[in-house]
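K.L.:
This is the content of start_15.cif (mmCIF, C-alpha atoms):
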```
data_target
#
loop_
_atom_site.group_PDB
_atom_site.id
_atom_site.type_symbol
_atom_site.label_atom_id
_atom_site.label_comp_id
_atom_site.auth_asym_id
_atom_site.auth_seq_id
_atom_site.Cartn_x
_atom_site.Cartn_y
_atom_site.Cartn_z
ATOM 1 C CA MET A 1 33.917 10.909 15.207
ATOM 2 C CA SER A 2 37.374 9.545 15.864
ATOM 3 C CA THR A 3 40.113 9.455 13.261
ATOM 4 C CA MET A 4 39.873 5.660 13.117
ATOM 5 C CA HIS A 5 36.132 5.849 12.409
ATOM 6 C CA ARG A 6 36.754 8.388 9.641
ATOM 7 C CA ILE A 7 39.369 6.140 8.061
ATOM 8 C CA LEU A 8 37.075 3.100 8.247
ATOM 9 C CA LEU A 9 34.216 5.102 6.750
ATOM 10 C CA GLY A 10 36.479 6.297 3.939
ATOM 11 C CA VAL A 11 37.633 2.752 3.194
ATOM 12 C CA ALA A 12 34.030 1.524 3.191
ATOM 13 C CA LEU A 13 32.985 4.278 0.781
ATOM 14 C CA LEU A 14 35.881 3.511 -1.541
ATOM 15 C CA ALA A 15 34.941 -0.161 -1.498
ATOM 16 C CA LEU A 16 31.373 0.730 -2.500
ATOM 17 C CA ALA A 17 32.366 3.128 -5.286
ATOM 18 C CA PRO A 18 32.674 0.481 -8.058
ATOM 19 C CA ALA A 19 29.254 -0.955 -7.185
ATOM 20 C CA VAL A 20 27.672 2.500 -7.175
ATOM 21 C CA ALA A 21 29.315 3.385 -10.495
ATOM 22 C CA ALA A 22 28.126 0.118 -12.063
ATOM 23 C CA GLN A 23 24.626 0.708 -10.753
ATOM 24 C CA GLN A 24 24.592 4.203 -12.251
ATOM 25 C CA THR A 25 25.687 2.948 -15.663
ATOM 26 C CA ASP A 26 23.058 0.185 -15.792
ATOM 27 C CA PRO A 27 20.402 0.625 -13.093
ATOM 28 C CA PHE A 28 18.317 -2.196 -14.591
ATOM 29 C CA LYS A 29 21.128 -4.774 -14.714
ATOM 30 C CA ASP A 30 19.647 -7.052 -12.031
ATOM 31 C CA ALA A 31 15.996 -6.127 -12.602
ATOM 32 C CA ASP A 32 13.394 -8.586 -13.899
ATOM 33 C CA PRO A 33 11.396 -6.924 -16.722
ATOM 34 C CA ALA A 34 9.071 -9.943 -16.986
ATOM 35 C CA LEU A 35 8.109 -9.457 -13.332
ATOM 36 C CA GLY A 36 7.659 -5.753 -14.080
ATOM 37 C CA ARG A 37 5.219 -6.508 -16.889
ATOM 38 C CA ARG A 38 3.238 -8.823 -14.609
ATOM 39 C CA LEU A 39 3.108 -6.116 -11.927
ATOM 40 C CA ILE A 40 2.004 -3.518 -14.491
ATOM 41 C CA ALA A 41 -0.890 -5.795 -15.474
ATOM 42 C CA GLU A 42 -1.705 -6.768 -11.883
ATOM 43 C CA HIS A 43 -1.845 -3.156 -10.690
ATOM 44 C CA GLN A 44 -3.746 -2.045 -13.812
ATOM 45 C CA CYS A 45 -1.270 0.724 -14.590
ATOM 46 C CA ALA A 46 -2.434 1.131 -18.212
ATOM 47 C CA GLN A 47 -6.043 1.618 -17.117
ATOM 48 C CA CYS A 48 -5.030 4.276 -14.577
ATOM 49 C CA HIS A 49 -2.878 6.033 -17.182
ATOM 50 C CA ALA A 50 -5.767 5.957 -19.687
ATOM 51 C CA ARG A 51 -8.031 7.603 -17.104
ATOM 52 C CA ASN A 52 -5.415 10.276 -16.440
ATOM 53 C CA VAL A 53 -4.222 11.117 -19.973
ATOM 54 C CA GLY A 54 -6.904 9.640 -22.208
ATOM 55 C CA GLY A 55 -6.591 7.308 -25.164
ATOM 56 C CA ASP A 56 -4.786 4.091 -24.378
ATOM 57 C CA GLY A 57 -2.694 5.835 -21.717
ATOM 58 C CA SER A 58 0.604 5.474 -23.562
ATOM 59 C CA ALA A 59 1.032 9.271 -23.839
ATOM 60 C CA ILE A 60 2.040 9.228 -20.181
ATOM 61 C CA TYR A 61 5.334 7.584 -21.122
ATOM 62 C CA ARG A 62 6.696 10.702 -22.799
ATOM 63 C CA PRO A 63 5.756 13.701 -20.672
ATOM 64 C CA GLN A 64 7.659 16.706 -21.986
ATOM 65 C CA GLY A 65 11.135 16.170 -20.591
ATOM 66 C CA ARG A 66 10.082 15.008 -17.118
ATOM 67 C CA ILE A 67 11.268 11.423 -17.458
ATOM 68 C CA ASN A 68 14.605 11.867 -19.184
ATOM 69 C CA SER A 69 16.892 9.438 -17.355
ATOM 70 C CA PRO A 70 16.778 5.980 -15.799
ATOM 71 C CA ALA A 71 16.917 7.528 -12.311
ATOM 72 C CA ARG A 72 13.862 9.679 -13.012
ATOM 73 C CA LEU A 73 12.031 6.680 -14.437
ATOM 74 C CA VAL A 74 12.637 4.708 -11.235
ATOM 75 C CA ALA A 75 11.586 7.751 -9.184
ATOM 76 C CA MET A 76 8.340 8.069 -11.164
ATOM 77 C CA VAL A 77 7.487 4.402 -10.670
ATOM 78 C CA GLU A 78 8.172 4.842 -6.948
ATOM 79 C CA TYR A 79 5.916 7.918 -6.958
ATOM 80 C CA CYS A 80 3.073 5.875 -8.464
ATOM 81 C CA ASN A 81 3.785 3.081 -5.989
ATOM 82 C CA THR A 82 3.489 5.517 -3.084
ATOM 83 C CA GLN A 83 0.532 7.525 -4.394
ATOM 84 C CA MET A 84 -1.499 4.458 -5.280
ATOM 85 C CA ASN A 85 -0.413 2.575 -2.139
ATOM 86 C CA LEU A 86 0.598 -0.417 -4.260
ATOM 87 C CA GLY A 87 2.952 -1.871 -1.663
ATOM 88 C CA MET A 88 5.701 -2.768 -4.118
ATOM 89 C CA PHE A 89 9.159 -3.494 -2.757
ATOM 90 C CA PRO A 90 12.212 -1.692 -4.229
ATOM 91 C CA GLU A 91 13.045 -4.702 -6.428
ATOM 92 C CA ASP A 92 9.461 -4.618 -7.754
ATOM 93 C CA VAL A 93 9.777 -0.902 -8.548
ATOM 94 C CA ASN A 94 13.029 -1.608 -10.401
ATOM 95 C CA ALA A 95 11.373 -4.463 -12.297
ATOM 96 C CA VAL A 96 8.532 -2.197 -13.435
ATOM 97 C CA ALA A 97 11.015 0.516 -14.417
ATOM 98 C CA ALA A 98 13.076 -2.057 -16.350
ATOM 99 C CA ALA A 99 9.989 -3.178 -18.272
ATOM 100 C CA LEU A 100 9.121 0.441 -19.089
ATOM 101 C CA GLN A 101 12.737 1.049 -20.129
ATOM 102 C CA GLN A 102 12.610 -1.868 -22.567
ATOM 103 C CA ASP A 103 9.115 -1.178 -23.888
ATOM 104 C CA HIS A 104 8.941 2.612 -24.014
ATOM 105 C CA TYR A 105 11.972 4.683 -23.005
ATOM 106 C CA HIS A 106 15.111 3.011 -24.396
ATOM 107 C CA PHE A 107 17.591 5.158 -22.454
ATOM 108 C CA LYS A 108 21.220 4.594 -23.439
#
```
Let's see the structure in the file written out as structure tokens.

P.N.:
Amino acid sequence: MSTMHRILLGVALLALAPAVAAQQTDPFKDADPALGRRLIAEHQCAQCHARNVGGDGSAIYRPQGRINSPARLVAMVEYCNTQMNLGMFPEDVNAVAAALQQDHYHFK
């Protein structure tokens, strides 16, 4: 990689830094929780959770320390998306995570 390419890459990374920092502080800023709730109902997430953990399935939202940050919440929704072959796009995954954040997790 030439020196010019390294400089351009460095400038590009610096330009992205504020956006990345903002995204880390509020990963659900542009997400649509209402869409997330619709997707949760459409994909029958509560029914699957009830089959897996019993009761009404809500115990799945507080597994001992596993989901302890917004990033892990998004990763878990993506895991379900992949495992269940739901076909959700990244903005759909973020919408579902935002709905779960508002309704169950309340991360600061």

K.L.:
Please provide as a list of chain:residue names all residues within 9 Å of segment 90-103 of chain A, with the sequence filter that same-chain residues fewer than 4 positions apart are discarded (counting only C-alpha atoms).

P.N.:
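The filter keeps A:Pro27, A:Phe28, A:Lys29, A:Asp30, A:Ala31, A:Asp32, A:Pro33, A:Ala34, A:Leu35, A:Gly36, A:Arg37, A:Arg38, A:Leu39, A:Ile40, A:Tyr61, A:Pro70, A:Leu73, A:Val74, A:Ala75, A:Met76, A:Val77, A:Glu78, A:Asn81, A:Phe107.
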
K.L.:
In Å to one decimal, how far is atom CA of Ala71 of chain A from atom CA of Val53 of chain A?

P.N.:
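These two atoms are separated by 22.8 Å.
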
K.L.:
In Å to one decimal, how far is atom CA of His43 of chain A from atom CA of Lys108 of chain A?

P.N.:
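Pair atom CA of Lys108 of chain A / atom CA of His43 of chain A returns 27.5 Å.
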
K.L.:
What gap, in Å, lies between atom CA of Glu42 of chain A and atom CA of Pro63 of chain A?

P.N.:
23.5 Å
